Every structure is written in structure tokens, then in C-alpha cells.
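**Q** So I've got this file, run.csv, and it contains CSV, C-alpha atoms:
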```
chain,number,residue,atom,x,y,z
A,1066,MET,CA,0.0,0.0,0.0
A,1067,THR,CA,1.1,3.6,-0.6
A,1068,CYS,CA,1.0,6.3,2.0
A,1069,GLU,CA,-2.0,7.8,0.2
A,1070,GLU,CA,-3.9,4.6,0.3
A,1071,THR,CA,-3.0,4.0,3.9
A,1072,ARG,CA,-4.0,7.4,5.1
A,1073,VAL,CA,-7.5,6.9,3.7
A,1074,LEU,CA,-7.9,3.9,5.9
A,1075,VAL,CA,-6.0,5.2,9.0
A,1076,PRO,CA,-9.1,6.8,10.7
A,1077,GLU,CA,-11.1,3.6,10.3
A,1078,ALA,CA,-8.1,1.6,11.6
A,1079,ALA,CA,-7.9,3.8,14.6
A,1080,LEU,CA,-11.6,3.3,15.3
A,1081,ASP,CA,-11.4,-0.5,14.9
A,1082,LEU,CA,-13.7,-0.5,11.9
A,1083,LEU,CA,-11.6,-2.4,9.4
A,1084,ASP,CA,-11.9,-6.1,8.7
A,1085,GLY,CA,-8.9,-8.3,9.3
A,1086,ALA,CA,-7.4,-8.2,5.8
A,1087,ARG,CA,-7.5,-4.4,5.5
A,1088,ARG,CA,-6.3,-3.9,9.0
A,1089,ALA,CA,-3.4,-6.1,8.3
A,1090,ASP,CA,-2.7,-4.1,5.1
A,1091,VAL,CA,-2.6,-0.9,7.2
A,1092,LEU,CA,-0.5,-2.3,9.9
A,1093,GLY,CA,1.9,-3.8,7.4
A,1094,HIS,CA,2.4,-0.4,5.8
A,1095,VAL,CA,2.8,1.6,9.1
A,1096,SER,CA,5.4,-0.9,10.4
A,1097,GLY,CA,7.7,0.5,7.8
A,1098,CYS,CA,6.4,4.1,7.5
A,1099,GLY,CA,7.1,6.5,10.4
A,1100,GLY,CA,4.7,9.2,9.1
A,1101,CYS,CA,1.7,6.9,8.7
A,1102,ARG,CA,2.5,5.2,12.0
A,1103,ALA,CA,2.5,8.5,13.8
A,1104,GLU,CA,-0.8,9.5,12.3
A,1105,LEU,CA,-2.4,6.1,13.3
A,1106,ALA,CA,-1.0,6.5,16.8
A,1107,GLU,CA,-2.4,10.0,17.2
A,1108,LEU,CA,-5.8,9.1,15.9
A,1109,ALA,CA,-5.8,6.0,18.1
A,1110,VAL,CA,-5.3,8.3,21.1
A,1111,VAL,CA,-8.4,10.2,20.0
A,1112,ALA,CA,-10.3,7.0,19.6
A,1113,ASP,CA,-9.3,5.9,23.2
A,1114,ALA,CA,-10.3,9.3,24.6
A,1115,LEU,CA,-13.7,8.9,23.1
A,1116,LEU,CA,-14.3,5.8,25.2
A,1117,LEU,CA,-13.2,7.7,28.2
A,1118,ALA,CA,-15.9,10.2,27.5
A,1119,ALA,CA,-18.6,7.7,28.4
A,1120,PRO,CA,-20.3,8.4,31.7
A,1121,LEU,CA,-19.6,6.2,34.8
A,1122,ALA,CA,-22.5,4.0,35.9
A,1123,GLU,CA,-22.9,1.7,38.9
A,1124,PRO,CA,-23.4,-1.9,37.8
A,1125,PRO,CA,-26.2,-4.0,39.2
A,1126,ALA,CA,-25.8,-5.3,42.8
A,1127,GLY,CA,-23.5,-8.3,43.1
A,1128,PHE,CA,-21.5,-7.5,40.0
A,1129,GLU,CA,-18.1,-7.7,41.7
A,1130,ASN,CA,-19.0,-11.1,43.2
A,1131,ARG,CA,-20.2,-12.4,39.9
A,1132,VAL,CA,-17.0,-11.4,38.2
A,1133,LEU,CA,-14.8,-12.9,40.8
A,1134,ALA,CA,-16.8,-16.1,40.7
A,1135,ARG,CA,-16.3,-16.3,37.0
A,1136,LEU,CA,-12.6,-16.0,37.5
A,1137,GLY,CA,-12.7,-18.8,40.1
A,1138,ILE,CA,-11.3,-16.4,42.7
A,1139,GLU,CA,-12.5,-16.6,46.3
A,1140,ARG,CA,-13.5,-13.3,47.8
A,1141,PRO,CA,-10.8,-11.9,50.0
A,1142,THR,CA,-11.4,-12.3,53.7
A,1143,GLY,CA,-12.9,-9.2,55.3
A,1144,GLY,CA,-14.7,-8.3,52.1
A,1145,ARG,CA,-17.8,-6.2,52.1
A,1146,ARG,CA,-20.1,-9.1,51.3
A,1147,PRO,CA,-19.4,-12.3,53.1
A,1148,SER,CA,-21.4,-14.5,50.7
A,1149,ARG,CA,-19.5,-17.3,49.0
A,1150,ARG,CA,-18.8,-17.3,45.3
A,1151,TRP,CA,-21.7,-16.5,43.1
A,1152,VAL,CA,-24.4,-18.1,45.2
A,1153,ARG,CA,-26.5,-15.5,46.9
A,1154,PRO,CA,-27.1,-16.3,50.6
A,1155,ALA,CA,-30.9,-15.8,50.2
A,1156,LEU,CA,-30.8,-18.2,47.2
A,1157,VAL,CA,-28.8,-20.8,49.1
A,1158,ALA,CA,-31.3,-20.7,52.0
A,1159,ALA,CA,-34.2,-21.0,49.6
A,1160,ALA,CA,-32.5,-23.7,47.6
A,1161,ALA,CA,-31.5,-25.6,50.8
A,1162,ALA,CA,-35.2,-25.5,51.9
A,1163,LEU,CA,-36.3,-26.7,48.5
A,1164,LEU,CA,-33.8,-29.5,48.4
A,1165,GLY,CA,-34.7,-30.5,51.9
A,1166,LEU,CA,-31.1,-30.4,53.0
A,1167,VAL,CA,-29.9,-31.5,56.4
A,1168,GLY,CA,-26.5,-31.1,57.9
A,1169,GLY,CA,-23.6,-33.4,57.3
A,1170,LEU,CA,-24.0,-33.7,53.6
A,1171,ALA,CA,-21.1,-34.9,51.4
A,1172,LEU,CA,-19.2,-32.2,49.6
A,1173,ARG,CA,-18.0,-32.4,46.0
A,1174,GLY,CA,-16.0,-30.2,43.7
A,1175,PRO,CA,-14.7,-26.7,44.2
A,1176,ASP,CA,-18.0,-24.9,44.1
A,1177,HIS,CA,-19.7,-26.3,47.2
A,1178,ASN,CA,-21.1,-24.2,50.0
A,1179,ASP,CA,-21.4,-24.8,53.7
A,1180,SER,CA,-24.6,-26.6,53.4
A,1181,GLY,CA,-23.2,-29.2,50.9
A,1182,VAL,CA,-24.8,-28.0,47.7
A,1183,VAL,CA,-22.7,-28.2,44.6
A,1184,ALA,CA,-23.4,-24.9,42.8
A,1185,VAL,CA,-22.6,-24.5,39.1
A,1186,ARG,CA,-23.2,-21.5,36.8
A,1187,LEU,CA,-25.6,-21.9,33.9
A,1188,VAL,CA,-24.4,-20.3,30.7
A,1189,GLY,CA,-26.2,-19.4,27.5
A,1190,ALA,CA,-25.3,-20.1,23.9
A,1191,ASP,CA,-23.1,-17.0,23.9
A,1192,GLY,CA,-21.2,-18.2,26.9
A,1193,GLN,CA,-22.7,-15.6,29.2
A,1194,ALA,CA,-24.0,-16.5,32.7
A,1195,VAL,CA,-27.7,-16.9,32.7
A,1196,GLY,CA,-28.4,-18.6,36.0
A,1197,GLN,CA,-27.3,-21.4,38.2
A,1198,VAL,CA,-27.9,-25.0,39.2
A,1199,LEU,CA,-27.6,-26.4,42.6
A,1200,VAL,CA,-27.3,-30.1,43.1
A,1201,SER,CA,-27.5,-32.2,46.3
A,1202,ASP,CA,-26.4,-35.8,46.4
A,1203,HIS,CA,-28.3,-36.6,49.6
A,1204,PRO,CA,-31.1,-36.6,48.7
A,1205,ASP,CA,-30.5,-36.6,44.9
A,1206,ARG,CA,-32.2,-33.3,44.1
A,1207,MET,CA,-31.5,-30.2,42.0
A,1208,VAL,CA,-32.6,-26.6,41.7
A,1209,CYS,CA,-32.5,-24.6,38.5
A,1210,VAL,CA,-32.5,-20.8,38.6
A,1211,LEU,CA,-32.6,-18.8,35.3
A,1212,ASP,CA,-31.9,-15.1,36.1
A,1213,ARG,CA,-34.0,-13.6,33.3
A,1214,ALA,CA,-36.5,-16.3,32.5
A,1215,PRO,CA,-39.9,-14.6,31.7
A,1216,ALA,CA,-42.9,-15.9,33.7
A,1217,GLY,CA,-45.0,-18.5,31.9
A,1218,VAL,CA,-42.3,-20.0,29.6
A,1219,LEU,CA,-41.9,-23.7,29.4
A,1220,TYR,CA,-38.5,-25.3,29.9
A,1221,ALA,CA,-37.3,-28.9,29.7
A,1222,VAL,CA,-34.3,-30.1,31.7
A,1223,THR,CA,-32.0,-33.1,31.0
A,1224,VAL,CA,-28.9,-34.3,32.8
A,1225,ALA,CA,-26.0,-36.2,31.2
A,1226,GLY,CA,-23.7,-38.6,32.9
A,1227,ASP,CA,-21.2,-41.1,31.8
A,1228,ASP,CA,-24.0,-43.6,31.0
A,1229,GLY,CA,-26.1,-41.3,28.8
A,1230,VAL,CA,-28.8,-38.6,29.1
A,1231,ALA,CA,-31.8,-38.6,31.3
A,1232,ASP,CA,-34.9,-36.4,31.3
A,1233,VAL,CA,-35.4,-34.5,34.6
A,1234,GLY,CA,-38.7,-32.9,33.7
A,1235,THR,CA,-40.3,-29.8,32.5
A,1236,PHE,CA,-41.3,-26.6,34.4
A,1237,VAL,CA,-43.0,-23.3,33.7
A,1238,SER,CA,-41.0,-20.4,34.8
A,1239,GLU,CA,-42.5,-18.3,37.6
A,1240,GLY,CA,-40.3,-15.3,36.6
A,1241,PRO,CA,-36.7,-14.2,36.6
A,1242,GLY,CA,-34.6,-15.7,39.3
A,1243,GLN,CA,-37.4,-18.0,40.6
A,1244,PRO,CA,-36.0,-21.4,41.5
A,1245,TRP,CA,-37.4,-24.7,40.2
A,1246,ALA,CA,-36.6,-27.8,42.4
A,1247,THR,CA,-37.0,-31.4,41.6
A,1248,SER,CA,-35.7,-34.9,42.2
A,1249,LEU,CA,-32.9,-36.2,40.0
A,1250,PRO,CA,-33.5,-39.3,37.9
A,1251,ILE,CA,-29.9,-40.5,38.4
A,1252,ASP,CA,-27.4,-40.3,41.3
A,1253,ALA,CA,-26.3,-36.7,41.7
A,1254,VAL,CA,-22.6,-37.8,41.8
A,1255,ASP,CA,-23.0,-39.1,38.3
A,1256,VAL,CA,-24.3,-35.9,36.8
A,1257,ARG,CA,-21.8,-34.2,34.6
A,1258,ARG,CA,-23.9,-31.8,32.6
A,1259,VAL,CA,-27.2,-30.1,32.9
A,1260,VAL,CA,-29.1,-28.9,29.8
A,1261,ILE,CA,-32.1,-26.6,29.7
A,1262,ARG,CA,-34.2,-26.3,26.5
A,1263,ASP,CA,-37.1,-24.1,25.7
A,1264,GLY,CA,-40.4,-25.3,24.4
A,1265,HIS,CA,-39.0,-25.4,20.8
A,1266,GLY,CA,-36.2,-27.7,21.8
A,1267,THR,CA,-33.6,-24.9,21.6
A,1268,ILE,CA,-30.8,-25.1,24.2
A,1269,ARG,CA,-31.1,-22.1,26.5
A,1270,ALA,CA,-28.6,-22.9,29.1
A,1271,THR,CA,-26.0,-25.5,30.1
A,1272,ALA,CA,-24.0,-26.2,33.1
A,1273,THR,CA,-21.0,-28.5,33.6
A,1274,LEU,CA,-20.4,-30.0,37.0
A,1275,PRO,CA,-17.0,-30.4,38.5
A,1276,ASP,CA,-15.7,-34.0,38.9
B,1242,MET,CA,-3.4,-6.5,51.5
B,1243,PRO,CA,-3.5,-3.0,53.2
B,1244,GLY,CA,-3.0,-0.2,50.8
B,1245,VAL,CA,-4.1,-2.1,47.8
B,1246,TRP,CA,-6.3,0.9,46.8
B,1247,ALA,CA,-3.1,2.9,46.2
B,1248,VAL,CA,-1.6,0.4,43.9
B,1249,ALA,CA,-1.0,1.4,40.3
B,1250,ASP,CA,-3.4,0.2,37.6
B,1251,ASP,CA,-0.9,-2.0,35.9
B,1252,ALA,CA,0.2,-3.6,39.1
B,1253,LEU,CA,-3.4,-4.4,39.9
B,1254,LEU,CA,-3.8,-5.9,36.4
B,1255,ALA,CA,-0.8,-8.1,37.0
B,1256,GLY,CA,-2.3,-9.2,40.2
B,1257,LEU,CA,-5.6,-10.0,38.5
B,1258,GLY,CA,-3.7,-12.0,35.9
B,1259,ALA,CA,-2.0,-13.9,38.6
B,1260,GLY,CA,-5.3,-14.6,40.4
B,1261,ASP,CA,-4.5,-12.7,43.5
B,1262,PRO,CA,-7.8,-12.3,45.4
B,1263,ASP,CA,-7.1,-8.8,46.9
B,1264,ALA,CA,-5.7,-7.3,43.6
B,1265,SER,CA,-8.6,-8.9,41.6
B,1266,ALA,CA,-11.2,-7.5,43.9
B,1267,ALA,CA,-9.6,-4.1,43.9
B,1268,PHE,CA,-9.2,-4.1,40.1
B,1269,VAL,CA,-12.9,-4.9,39.6
B,1270,ARG,CA,-14.0,-2.2,42.1
B,1271,ARG,CA,-11.7,0.4,40.5
B,1272,PHE,CA,-12.9,-0.1,37.0
B,1273,GLN,CA,-16.4,-1.5,37.2
B,1274,GLY,CA,-18.1,1.9,37.0
B,1275,ARG,CA,-16.2,2.9,33.9
B,1276,VAL,CA,-16.6,-0.5,32.2
B,1277,PHE,CA,-20.3,-0.8,33.0
B,1278,GLY,CA,-20.9,2.9,32.1
B,1279,LEU,CA,-19.4,2.4,28.6
B,1280,ALA,CA,-21.3,-0.9,28.1
B,1281,VAL,CA,-24.7,0.5,29.1
B,1282,THR,CA,-24.1,3.7,27.1
B,1283,MET,CA,-23.4,1.5,24.0
B,1284,VAL,CA,-26.0,-1.3,24.3
B,1285,GLY,CA,-28.7,0.7,26.2
B,1286,ASP,CA,-29.8,-2.3,28.2
B,1287,ARG,CA,-28.6,-2.9,31.8
B,1288,ALA,CA,-28.9,-6.7,31.6
B,1289,VAL,CA,-26.9,-6.9,28.4
B,1290,ALA,CA,-24.4,-4.4,29.7
B,1291,ASP,CA,-24.0,-6.5,32.8
B,1292,ASP,CA,-23.0,-9.5,30.7
B,1293,VAL,CA,-20.7,-7.3,28.5
B,1294,ALA,CA,-19.0,-5.8,31.5
B,1295,GLN,CA,-18.5,-9.2,33.2
B,1296,GLU,CA,-17.0,-10.6,30.1
B,1297,ALA,CA,-14.7,-7.6,29.8
B,1298,PHE,CA,-13.2,-8.4,33.1
B,1299,VAL,CA,-12.9,-12.1,32.2
B,1300,ARG,CA,-11.0,-11.1,29.0
B,1301,ALA,CA,-8.8,-8.8,31.0
B,1302,TRP,CA,-7.9,-11.6,33.4
B,1303,ARG,CA,-7.3,-14.0,30.6
B,1304,HIS,CA,-5.2,-11.6,28.6
B,1305,ALA,CA,-3.5,-9.6,31.4
B,1306,GLY,CA,-0.1,-10.9,30.3
B,1307,ALA,CA,-0.6,-9.4,26.9
B,1308,TYR,CA,-1.1,-5.9,28.2
B,1309,ASP,CA,1.7,-3.5,27.1
B,1310,ALA,CA,1.9,-0.2,28.9
B,1311,ARG,CA,3.8,1.4,26.0
B,1312,ARG,CA,0.6,1.1,23.9
B,1313,GLY,CA,-1.7,2.8,26.3
B,1314,SER,CA,-3.2,2.9,29.8
B,1315,VAL,CA,-4.9,0.1,31.5
B,1316,THR,CA,-8.1,2.1,31.4
B,1317,THR,CA,-8.1,2.5,27.7
B,1318,TRP,CA,-7.0,-1.1,27.2
B,1319,LEU,CA,-9.9,-2.3,29.3
B,1320,LEU,CA,-12.4,0.1,27.7
B,1321,THR,CA,-11.3,-1.1,24.2
B,1322,ILE,CA,-12.0,-4.7,25.3
B,1323,THR,CA,-15.4,-3.5,26.6
B,1324,ARG,CA,-16.2,-1.5,23.5
B,1325,ASN,CA,-15.4,-4.5,21.2
B,1326,LEU,CA,-17.6,-6.8,23.3
B,1327,ALA,CA,-20.4,-4.3,23.3
B,1328,VAL,CA,-20.2,-4.0,19.5
B,1329,ASP,CA,-20.4,-7.8,19.3
B,1330,ALA,CA,-23.5,-7.7,21.6
B,1331,LEU,CA,-25.1,-5.0,19.5
B,1332,ARG,CA,-24.6,-7.0,16.3
B,1333,ALA,CA,-26.0,-10.1,18.0
B,1334,MET,CA,-29.0,-8.2,19.2
B,1335,ARG,CA,-29.5,-6.9,15.6
B,1336,SER,CA,-30.9,-3.8,17.2
B,1337,THR,CA,-31.1,-0.4,15.5
B,1338,PRO,CA,-28.2,1.7,16.7
B,1339,THR,CA,-29.1,4.4,19.1
B,1340,ASP,CA,-29.5,7.8,17.4
B,1341,PRO,CA,-26.0,9.3,17.5
B,1342,ASP,CA,-27.4,12.6,18.7
B,1343,VAL,CA,-28.9,10.9,21.7
B,1344,LEU,CA,-25.7,9.0,22.3
B,1345,ALA,CA,-23.6,12.2,22.1
B,1346,ALA,CA,-26.0,13.8,24.6
B,1347,MET,CA,-25.3,10.9,27.0
B,1348,LEU,CA,-21.7,11.8,27.2
B,1349,PRO,CA,-21.5,14.3,30.1
B,1350,PRO,CA,-19.7,17.5,29.4
B,1351,THR,CA,-17.8,17.3,32.7
B,1352,GLY,CA,-17.1,14.8,35.5
B,1353,GLY,CA,-16.7,11.1,35.2
B,1354,SER,CA,-13.1,10.8,36.4
B,1355,GLY,CA,-14.2,8.0,38.7
B,1356,PRO,CA,-12.5,6.3,41.6
B,1357,ASP,CA,-9.5,5.2,39.5
B,1358,GLY,CA,-8.0,8.6,39.9
B,1359,ALA,CA,-6.9,8.8,36.3
B,1360,ALA,CA,-6.5,12.5,36.3
B,1361,VAL,CA,-4.8,12.6,32.9
B,1362,ALA,CA,-7.4,10.4,31.4
B,1363,ALA,CA,-10.1,12.6,32.9
B,1364,GLU,CA,-8.5,15.6,31.3
B,1365,ASP,CA,-8.4,13.9,27.9
B,1366,ALA,CA,-12.1,12.9,28.3
B,1367,ALA,CA,-13.1,16.4,29.2
B,1368,ARG,CA,-11.3,17.8,26.2
B,1369,VAL,CA,-12.7,15.2,23.8
B,1370,ARG,CA,-16.3,15.7,25.1
B,1371,ALA,CA,-16.0,19.5,24.6
B,1372,ALA,CA,-14.5,18.9,21.2
B,1373,LEU,CA,-17.1,16.4,20.2
B,1374,ALA,CA,-19.8,18.9,21.1
B,1375,ALA,CA,-18.2,21.5,18.9
B,1376,LEU,CA,-18.0,19.3,15.8
B,1377,PRO,CA,-20.3,19.9,12.9
B,1378,PRO,CA,-23.3,17.7,13.5
B,1379,GLU,CA,-22.7,15.4,10.5
B,1380,GLN,CA,-19.1,14.8,11.7
B,1381,ARG,CA,-20.2,14.2,15.3
B,1382,ARG,CA,-22.8,11.7,14.2
B,1383,ALA,CA,-20.3,9.8,12.0
B,1384,VAL,CA,-17.7,9.6,14.8
B,1385,VAL,CA,-20.3,8.6,17.4
B,1386,LEU,CA,-21.8,5.9,15.2
B,1387,ALA,CA,-18.4,4.5,14.5
B,1388,ARG,CA,-17.0,4.5,18.0
B,1389,PHE,CA,-20.1,3.8,20.1
B,1390,SER,CA,-22.3,1.8,17.7
B,1391,GLY,CA,-19.5,0.0,15.9
B,1392,LEU,CA,-20.8,0.9,12.5
B,1393,THR,CA,-18.4,0.7,9.5
B,1394,ALA,CA,-18.0,3.6,7.1
B,1395,ALA,CA,-20.3,1.8,4.6
B,1396,GLU,CA,-22.9,1.3,7.3
B,1397,ILE,CA,-22.7,4.9,8.4
B,1398,GLY,CA,-23.1,6.0,4.8
B,1399,GLU,CA,-26.2,3.8,4.4
B,1400,ARG,CA,-27.7,5.0,7.6
B,1401,GLU,CA,-27.1,8.6,7.0
B,1402,GLY,CA,-28.1,8.4,3.3
B,1403,VAL,CA,-24.7,9.6,2.0
B,1404,PRO,CA,-22.1,7.9,-0.3
B,1405,LEU,CA,-19.4,5.8,1.2
B,1406,GLY,CA,-16.8,8.5,0.4
B,1407,THR,CA,-18.7,11.1,2.2
B,1408,ALA,CA,-19.0,8.9,5.3
B,1409,LYS,CA,-15.3,8.3,5.2
B,1410,THR,CA,-14.6,12.0,4.9
B,1411,ARG,CA,-16.8,12.8,7.8
B,1412,ILE,CA,-15.1,10.3,10.0
B,1413,ARG,CA,-11.7,11.5,9.1
B,1414,ALA,CA,-12.5,15.2,9.4
B,1415,GLY,CA,-14.1,14.6,12.8
B,1416,LEU,CA,-11.2,12.6,14.1
B,1417,LEU,CA,-8.7,15.2,12.9
B,1418,ARG,CA,-10.7,18.0,14.6
B,1419,LEU,CA,-10.8,16.1,17.8
B,1420,ARG,CA,-7.1,15.5,17.6
B,1421,GLU,CA,-6.5,19.2,17.2
B,1422,ALA,CA,-8.7,20.0,20.1
B,1423,MET,CA,-7.0,17.4,22.3
B,1424,ALA,CA,-3.6,18.9,21.4
B,1425,GLY,CA,-4.7,22.3,22.6
B,1426,ASP,CA,-5.2,23.7,26.0
B,1427,PRO,CA,-7.4,21.7,28.4
B,1428,ALA,CA,-11.0,22.6,28.3
```
Write out the structure in this file as C-alpha cells.
**A**
Amino acid sequence: MTCEETRVLVPEAALDLLDGARRADVLGHVSGCGGCRAELAELAVVADALLLAAPLAEPPAGFENRVLARLGIERPTGGRRPSRRWVRPALVAAAAALLGLVGGLALRGPDHNDSGVVAVRLVGADGQAVGQVLVSDHPDRMVCVLDRAPAGVLYAVTVAGDDGVADVGTFVSEGPGQPWATSLPIDAVDVRRVVIRDGHGTIRATATLPD
Amino acid sequence: MPGVWAVADDALLAGLGAGDPDASAAFVRRFQGRVFGLAVTMVGDRAVADDVAQEAFVRAWRHAGAYDARRGSVTTWLLTITRNLAVDALRAMRSTPTDPDVLAAMLPPTGGSGPDGAAVAAEDAARVRAALAALPPEQRRAVVLARFSGLTAAEIGEREGVPLGTAKTRIRAGLLRLREAMAGDPA
């Protein structure tokens, strides 16, 4: 590329608007051209400053905990919120009641809480967290929570283990964040994956349990 | 870790990359307002912005080792990650981009330096906001659509009803004016 051709594309390169091939062309040229490289660098500073111009906004409650949970990082001791990982205390209490948990339950995997429930994040097709699953192996029960499920929508749940897939059942959502509890058709310790589909059979969320 | 709040941005990022609990928590607290603010400004939906912002921190953790201080501040590096994720989300949502005049109006003329204490960045932001407001409307719309809605020059031309060459010219002219303004005295 010539300098003239490159400089036509430099503003779009600075704004991250070019496809891979044209961006590579521009970067290839500027690697050997100080003048075009300087122009790209200067306009990139402007592009960065534009992002800084966006207003600050407080994220939804629990944001920090959710991020740290996704990173697999335990909240530092003495933190502002004493809850473990990404399981909200209120949810754990509700889930424990729904599961009929009693003390002294076996613990499994890295994401267990004090009451013995294995807690795993549900993720959507885009990899984003959309809820969580809590599983107990004594008794063999589970709770599904979809953070943004509209009320009245039908979902079907299956679990997969080493020996195949088993239907857990269907439920109609009572609204965002409302838990659905049921018995497991296989031993909880054998569950490796949970899949939630909508009424059309489309997978809406999956969760992979730790070994 | 007493005093973690006084630690430099790049040191906190290194701690995040290493999985240090105190540094990671401090990093998220320091930048969450900025990251979420940009995300919600761009996508216009708090739930989607929550997802975008979370993913931005996950990407920062995953790629912390690739951060190069010579190429920009931690703040702009993290906001660029956020911006790219927000653009992906907008395309996935197939939503009509927010009117650029409305978007521009959402960029506050002052303030927004945040808890990260990035005084230089805040000065840059104040200058660019003032300069953006002073741009001819067609240039401001082109720059805002490109940066905050992720539209290409061709898409901007189509949306604005002008030829591709005109859209490119507006983007370029707008950026050059902003560069001149940022090179001048602080607003």
C-alpha cells in the first residue's frame, strides 16, 4: 500500500472499523512508515479518549462477586459481602429448603457451599452466565435458577452422565430468578452436565459440574 | 493487602492475571463503574451491559499478560475490550443503533473521572467531550456511530443516506478536529 492509500484507511483503523485483511494491510504499511505510523498512533489516542468520555455507571448489585466467581477467585477475607462465590445467601437458603437439605452432607467439587450443595453456573449459547444450578447428592435433588426467564415460559431439563442422558422434567417459569426444584433421575454424583431447553427444543442454558 | 487501593493500575492488572484475590477485587472495584458505564451507554440495556462488563473483566484476566503499557493505559485497554464486546453484543441483538445525537448527549460535558483517579485520562475525556460537542453535526454523528455503535463507514453511509466516500470523509474530518482539540489547552 502507498501512503496515500493507507491514510485513507487510518481513521477507520484507529476506530477498529476495518476487517482483518484491510487492518493487516494498514499495519503492514505503518510498520515501515514512520509518518503513517505516527498518524495512526495520534488518531488511536483520540479513539481511546472517546471511550473515556462515556459516563460512569454503577453496575447491578453483586457485580463484583459475579466477576470474581467467573474467575474462580475466592472473595478476600474481610470483604464487604461475606457470601461465598456467586451463590447469593438468600438463594442458598431458599434452595436448601427446596432441596430438603440436612446437615452433614457430602461435599463435592470446588463450588460447594457450607450446606453441601454443589453450585454451578448456567451459561447461555453465547457463553454468558444466565443462572445457576444447585445439586445435592443426599437426597439426589437439584434446583435450577434462570436469572432472566420470563414468567410462563416452558423449559425442559435433562442431565447427562457417563452412561447417557436422562430427562429430569419440565417446568413453567414463575419469573426471573425464581427457583425450580425437583428430584434427580440419576445419582447426583454421576451428573456431569445439565441442559435446559425451551419449548421449541432450543438449548437455552447448560452447566458443567466439577468432577 | 493493606494499601491495595493505592496500587497502580498496571500492578493491579498483573495481580488480576495472577489470580491474587485482593488485587482482583480491587481491580474490579476500581474499573467497574467505567466498564459498565461504557457498556450501558453503548448497548442501552442494563442486563446486556452487565453481561458485557463481566465478560470484559474475564477477558482482562485472561489476557492480562498481553497488556503492554507502552501502547496505552490500563483504562483505555480495558475500555477497548469493553467496546469491542459491546459491538459484538449490538450485532448479536441486531438492534437499530441508538441515534447518535442521543448517544452524544449521554456523554456528560464534565465529570466522570471516577475512583480510578486517572487525572490525565479525565482531562483527555473532558477535552474530547467538549471537542465532540463542537464538531459539525454530521461529523459528530459519524464519529459517534463509528465509535459507540461499531458501524463501519459503509454502514454509516447507508444509515445517513450519503455515499461511502462522504461517510469516510466525515469520520476522518471529525477525528482530525478532535485531535487538534486534544492537542490544545485543556478545556
**Q** Nearest to chain B: which of A:Gly1266, A:Gly1093, A:Gly1127, A:Gly1100 is it, counting only C-alpha atoms?
**A**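 When distances to chain B are compared using only C-alpha atoms, the smallest one comes from A:Gly1127.
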**Q** Using all atoms listed in the file, find which residues of chain B lie within 8 Å of chain A and jot them down as a VMD selection string.
**A** chain B and resid 1260 to 1263 1265 to 1266 1269 to 1270 1273 to 1279 1281 to 1282 1287 1291 to 1292 1295 to 1296 1298 to 1299 1302 1317 1320 to 1321 1324 1347 to 1349 1353 1355 1362 to 1363 1365 to 1367 1369 to 1370 1387 to 1389 1391 to 1394 1412 to 1413 1416 to 1417 1419 to 1420 1423
**Q** Please identify all polymer residues within 9 Å of Asp1252 in chain A, counting all atoms listed in the file, omitting same-chain residues fewer than 5 positions from it, and present them as a list in words.
**A** Asp1202, Asp1205 and Arg1206 of chain A
**Q** I'd like the interatomic distance between CA of Val1343 in chain B and CA of Gly1425 in chain B, to a tenth of an Å.
**A** 26.8 Å
**Q** Out of B:Leu1254, B:Ala1297, B:Ala1259, B:Ala1422, which residue has the shortest atom-to-atom distance to Leu1376 in chain B when counting all atoms listed in the file?
**A** B:Ala1422
**Q** How far is it from CA of Val1328 in chain B to CA of Val1218 in chain A, in Å with one decimal?
**A**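 Taking CA of Val1328 in chain B as the start and CA of Val1218 in chain A as the end point, the length is 29.1 Å.
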**Q** Which residue gives the smallest distance to Ala1305 in chain B among B:Ile1397, B:Ala1371, B:Ala1333, B:Ile1322, with all atoms listed in the file counted?
**A** B:Ile1322
**Q** One number please: CA of Val1198 in chain A to CA of Gly1217 in chain A, in Å, one decimal.
**A**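 Taking CA of Val1198 in chain A as the start and CA of Gly1217 in chain A as the end point, the length is 19.7 Å.
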**Q** Can you list, as a ChimeraX atom specification, every protein, DNA or RNA residue that comes within 8 Å of Pro1250 in chain A when you count only C-alpha atoms, leaving out same-chain residues fewer than 6 positions away?
**A** /A:1231-1233
**Q** If we count only C-alpha atoms, what is near range 1257-1259 of chain A at a cut-off of 8 Å, once residues fewer than 5 positions away on the same chain are taken out, given as number ranges by chain?
**A** A: 1222-1227, 1271-1276
**Q** Can you list, as a list of chain:residue names, every protein, DNA or RNA residue that comes within 12 Å of Gly1306 in chain B when you count all atoms listed in the file, leaving out same-chain residues fewer than 3 positions away?
**A** B:Asp1251, B:Ala1252, B:Leu1254, B:Ala1255, B:Gly1256, B:Leu1257, B:Gly1258, B:Ala1259, B:Gly1260, B:Arg1300, B:Ala1301, B:Trp1302, B:Arg1303, B:Asp1309, B:Ala1310
